[in-house]
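Contents: one structure, followed by commentary.
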2 protein chains.
Amino acid sequence: MATIKDVAERAGVSVSTVSIALKRDPRVKESTRQRILEAVQSLGYRPNGIARDLKMQQTQTMAVFLHDLGGPFYSELVSGVQDVALSHGYSPIVACSVGGKGVALERLLVENRVDGAIILDPYIEEDFIRQVAGPTLPLVLLDRDIEGSYVYRVTSDHEGGAFNVTMHLLEMGHRQIAFIGGPSVSVDGQLRFRGFTGAMKHFGVDLEKRFMILGDFTEQSGYAAAQTLLSQSPLPEAIFAGNDEMAIGVLRAFSERSIRVPEDIALVGFDDIRLTQHTTPALTTVHQPMYELGTVATQILFRALAGEETIAPVILETRVVIRASSGSRQ
Amino acid sequence: MATIKDVAERAGVSVSTVSIALKRDPRVKESTRQRILEAVQSLGYRPNGIARDLKMQQTQTMAVFLHDLGGPFYSELVSGVQDVALSHGYSPIVACSVGGKGVALERLLVENRVDGAIILDPYIEEDFIRQVAGPTLPLVLLDRDIEGSYVYRVTSDHEGGAFNVTMHLLEMGHRQIAFIGGPSVSVDGQLRFRGFTGAMKHFGVDLEKRFMILGDFTEQSGYAAAQTLLSQSPLPEAIFAGNDEMAIGVLRAFSERSIRVPEDIALVGFDDIRLTQHTTPALTTVHQPMYELGTVATQILFRALAGEETIAPVILETRVVIRASSGSRQ
DNA sequence: TGAATCTATCGAAACGTTTCGATTATGCGC
DNA sequence: GCGCATAATCGAAACGTTTCGATAGATTCA
């Protein structure tokens with residue numbers, strides 16, 4: 001692989017001249033620049049980005065860590081990130097942080113191979129995040145509640161959304177409402193639960209313990225939760241699944257047992273993933289502004305990169321999307 | 001940020017000793033290693049990966065380029081890549097190559113910031129790919145038909161899958177079959193068309209020109225294609241949409257006009273994205289082994305990285321998944 | 001004509017590692 | 001207490017850039 005030194009020799013100039021010529025510095029005469037360009041051509045020279053990163057002490061690269069890339073709305077998030085990052089001349093790269101620890105985390109964050117990162121993963125340990133964040137590596141956390149220097153936060157209004165969709169169920173006449181929660185580590189799951197209980201209390205409805213079930217945000221666990229509910233009686237009048245995936249699991253369990261939604265039991269989810277429009281019945285849910293989450297997080301990252309030290313956490317509004325599954329209780 | 005030099009000073013040893021001590025080299029005495037570890041601790045030292053990459057002339061990082069991260073089955077692909085990459089001590093990073101050119105492409109491929117890459121993007125220019133590939137940067141292309149040194153190929157059997165699903169339609173009694181194709185740049189789209197025509201020919205059924213419509217693999221374009229078909233008469237008896245997204249668009253158009261699937265028109269797609277199980281009716285389609293595509297591609301990448309120069313292209317089998325939408329013509 | 005200014009280019013240090021060959025310290029047998 | 005093998009550590013070069021200060025030559029001006 002040809003280096004800048006080879007180019008310099010070929011063009012009969014010094015390395016430094018090549019370096020500045022390549023960035024169209026007006027200090028170098030046009031004729032020599034041409035000569036250098038020819039040398040670049042004929043040698044097939046490509047600058048070594050790593051050497052540049054080392055010298056420059058920055059990479060112009062930021063990472064987005066997702067717990068699993070499969071998440072159905074991550075693509076929108078990444079779009080948001082990408083749009084903002086590109087306008088700053090940065091390349092976002094997406095990495096998977098399966099299990100909260102992993103090669104990528106180590107390599108990109110600990111060993112300083114990126115200038116900053118956006119993290120959406122409830123499983124990455126709080127200590128790790130606090131340790132690794134620093135003036136040369138600001139971290140924007142999504143849906144996490146960690147305080148620390150150079151750690152910034154953006155989240156959607158899970159509590160409000162959950163409150164509103166629960167109110168919707170209550171207004172539709174449902175009272176016995178079951179809640180299927182997310183994994184206990186996930187702050188968003190907790191906030192959704194809080195919104196739920198808030199609305200129930202606001203309406204003066206008591207919670208029934210046996211209607212509170214823990215899942216882990218997978219379709220599988222929604223299915224299991226539905227089984228649990230079905231094994232007891234009486235059934236609740238409605239179910240609030242902590243996210244759409246679990247709601248879909250519930251739907252599957254119900255369709256297997258020929259339980260009609262919403263006639264027999266109403267159902268709502270959270271997230272507004274694309275699938276919710278296509279299930280039978282279509283799912284009432286809470287829309288999260290994923291694209292905006294991406295743009296806002298990235299903007300914050302760049303403000304941090306620019307030296308701003310303290311930036312207040314941002315909470316983005318959610319919106320209830322009413323579809324067929326939450327039908328009224330007659 | 002503390003460097004290895006700082007650690008060396010603090011521990012009262014030389015830089016080289018620290019370097020080898022940190023990788024548990026038995027040449028350094030346990031007691032000094034402890035001293036060094038303490039220094040690392042107290043200084044909060046983190047190795048600079050970029051410096052290492054420069055020295056080592058490799059990054060242990062590979063890129064996966066996706067045209068848009070939103071693609072509904074990319075996550076499976078990436079899982080496959082990840083599983084193999086991790087077992088080789090590599091971190092895969094995913095980047096978006098919107099529009100075929102972009103900062104990330106430039107930064108990661110041209111400037112040598114990764115050791116190799118897997119590319120799934122019909123829009124990246126052939127010349128670029130051939131230029132950038134080299135002994136230090138093998139490239140594995142998915143669903144592309146580019147020959148070149150250090151360029152390797154993996155694809156699923158689009159033609160066979162299309163052939164088989166078309167045969168299925170024919171066997172169900174459908175004869176007037178419309179085809180909605182993908183963008184002309186996409187080889188997989190072309191192969192699917194070839195499989196389709198092959199089956200039609202095999203059955204001795206003539207193609208009707210007005211039933212051949214071009215889309216671009218988006219739901220939107222499927223919707224538009226359906227409109228086009230609906231504006232003419234008579235309608236075809238069945239539609240083969242070049243991918244599931246477009247099939248879903250067709251479904252939407254039909255449901256707006258109260259056209260029943262499969263009673264009025266049968267419909268099949270391609271890809272077996274998750275949504276196809278949940279549409280009404282569930283969609284007959286062709287399953288692509290995305291996870292396997294990821295693992296195979298990554299294995300090839302590592303073989304190339306290990307010095308193997310020529311590796312034959314691999315074609316993975318697809319499988320027809322029969323669901324309700326392709327019902328028989330009575 | 002000589003000093004001053006400008007233009008075009010150069011040399012060398014620096015970024016933070018790794019590694020090779022050299023050097024010093026330690027333990028051993030006699 | 002000597003030479004010798006072995007263990008432990010060190011110094012310096014290298015990876016490929018960027019940039020700062022220096023230098024040489026050309027141009028201007030009084």
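By order in the structure tokens, chains are A, B, ...; within a chain, residues start at 1; ligands start at 1, following the order shown.
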
Expected answer as a ChimeraX atom specification: alpha helix (DSSP H) residues in stretch 23-169 of chain A: /A:30-43,49-56,74-87,103-104,126-132,158-169

Against chain C, which residues of chain A fall within 10 Å? For each one I want the closest pair of atoms and the distance in Å (one decimal), counting only C-alpha atoms (C1' of nucleotides), rows by chain and increasing residue number, as a Markdown table.
| residue | atom | partner | partner_atom | distance |
| --- | --- | --- | --- | --- |
| A:Val13 | CA | C:DT9 | C1' | 7.9 |
| A:Ser14 | CA | C:DC10 | C1' | 6.3 |
| A:Val15 | CA | C:DC10 | C1' | 8.6 |
| A:Ser16 | CA | C:DC10 | C1' | 7.5 |
| A:Thr17 | CA | C:DT9 | C1' | 6.8 |
| A:Arg27 | CA | C:DA8 | C1' | 6.9 |
| A:Val28 | CA | C:DA8 | C1' | 6.3 |
| A:Lys29 | CA | C:DA8 | C1' | 7.0 |
| A:Thr32 | CA | C:DA8 | C1' | 9.8 |
| A:Ala51 | CA | C:DC15 | C1' | 8.6 |
| A:Arg52 | CA | C:DC15 | C1' | 9.1 |
| A:Asp53 | CA | C:DC15 | C1' | 8.8 |
| A:Leu54 | CA | C:DC15 | C1' | 5.4 |
| A:Lys55 | CA | C:DC15 | C1' | 4.5 |
| A:Met56 | CA | C:DC15 | C1' | 7.4 |
| A:Gln57 | CA | C:DC15 | C1' | 7.3 |

File dump, residues just selected, N, CA and C atoms, as a PDB file, in the first residue's frame:
ATOM      1  N   VAL A  13       8.723  15.951  -4.192  1.00  0.00           N
ATOM      2  CA  VAL A  13       8.525  17.005  -3.186  1.00  0.00           C
ATOM      3  C   VAL A  13       8.597  16.381  -1.802  1.00  0.00           C
ATOM      4  N   SER A  14       8.434  17.191  -0.787  1.00  0.00           N
ATOM      5  CA  SER A  14       8.499  16.637   0.563  1.00  0.00           C
ATOM      6  C   SER A  14       7.129  16.142   1.005  1.00  0.00           C
ATOM      7  N   VAL A  15       7.171  15.311   2.013  1.00  0.00           N
ATOM      8  CA  VAL A  15       5.940  14.752   2.568  1.00  0.00           C
ATOM      9  C   VAL A  15       4.972  15.852   2.997  1.00  0.00           C
ATOM     10  N   SER A  16       5.506  16.862   3.620  1.00  0.00           N
ATOM     11  CA  SER A  16       4.615  17.902   4.132  1.00  0.00           C
ATOM     12  C   SER A  16       3.905  18.624   2.996  1.00  0.00           C
ATOM     13  N   THR A  17       4.604  18.803   1.912  1.00  0.00           N
ATOM     14  CA  THR A  17       3.976  19.464   0.775  1.00  0.00           C
ATOM     15  C   THR A  17       2.810  18.635   0.251  1.00  0.00           C
ATOM     16  N   ARG A  27      -1.179  27.434  -0.419  1.00  0.00           N
ATOM     17  CA  ARG A  27       0.250  27.688  -0.327  1.00  0.00           C
ATOM     18  C   ARG A  27       1.041  26.929  -1.381  1.00  0.00           C
ATOM     19  N   VAL A  28       0.472  25.813  -1.859  1.00  0.00           N
ATOM     20  CA  VAL A  28       1.264  25.063  -2.839  1.00  0.00           C
ATOM     21  C   VAL A  28       0.852  25.410  -4.265  1.00  0.00           C
ATOM     22  N   LYS A  29       1.873  25.597  -5.058  1.00  0.00           N
ATOM     23  CA  LYS A  29       1.698  26.043  -6.440  1.00  0.00           C
ATOM     24  C   LYS A  29       0.851  25.031  -7.218  1.00  0.00           C
ATOM     25  N   THR A  32       2.738  22.135  -9.004  1.00  0.00           N
ATOM     26  CA  THR A  32       3.209  21.023  -8.159  1.00  0.00           C
ATOM     27  C   THR A  32       2.030  20.192  -7.673  1.00  0.00           C
ATOM     28  N   ALA A  51      -3.764   6.621  10.694  1.00  0.00           N
ATOM     29  CA  ALA A  51      -2.642   7.514  11.018  1.00  0.00           C
ATOM     30  C   ALA A  51      -3.171   8.924  11.256  1.00  0.00           C
ATOM     31  N   ARG A  52      -4.096   9.316  10.418  1.00  0.00           N
ATOM     32  CA  ARG A  52      -4.651  10.657  10.602  1.00  0.00           C
ATOM     33  C   ARG A  52      -5.373  10.763  11.931  1.00  0.00           C
ATOM     34  N   ASP A  53      -6.191   9.772  12.238  1.00  0.00           N
ATOM     35  CA  ASP A  53      -6.916   9.801  13.509  1.00  0.00           C
ATOM     36  C   ASP A  53      -5.951   9.936  14.683  1.00  0.00           C
ATOM     37  N   LEU A  54      -4.863   9.205  14.583  1.00  0.00           N
ATOM     38  CA  LEU A  54      -3.900   9.227  15.686  1.00  0.00           C
ATOM     39  C   LEU A  54      -3.323  10.626  15.837  1.00  0.00           C
ATOM     40  N   LYS A  55      -2.904  11.165  14.727  1.00  0.00           N
ATOM     41  CA  LYS A  55      -2.303  12.501  14.777  1.00  0.00           C
ATOM     42  C   LYS A  55      -3.312  13.552  15.235  1.00  0.00           C
ATOM     43  N   MET A  56      -4.494  13.460  14.682  1.00  0.00           N
ATOM     44  CA  MET A  56      -5.514  14.471  14.942  1.00  0.00           C
ATOM     45  C   MET A  56      -6.168  14.309  16.300  1.00  0.00           C
ATOM     46  N   GLN A  57      -6.011  13.151  16.854  1.00  0.00           N
ATOM     47  CA  GLN A  57      -6.626  12.879  18.157  1.00  0.00           C
ATOM     48  C   GLN A  57      -8.146  12.945  18.103  1.00  0.00           C
TER      49      GLN A  57
END

Residues of chain D within 9 Å of chain B, only C-alpha atoms (C1' of nucleotides) counted, as a PyMOL selection string: chain D and resi 7-11+14-16

Expected answer as an NGL selection string: chain A residues within 7 Å of chain B, only C-alpha atoms: :A and (46-51 or 54 or 69-70 or 75 or 91 or 93-95 or 103-104 or 110-113 or 275 or 278-279)

Filtered DSSP result for stretch 70-252 of chain A, state strand (DSSP E), as a ChimeraX atom specification: /A:91-96,116-120,139-142,151-156,177-181,212-214,238-241
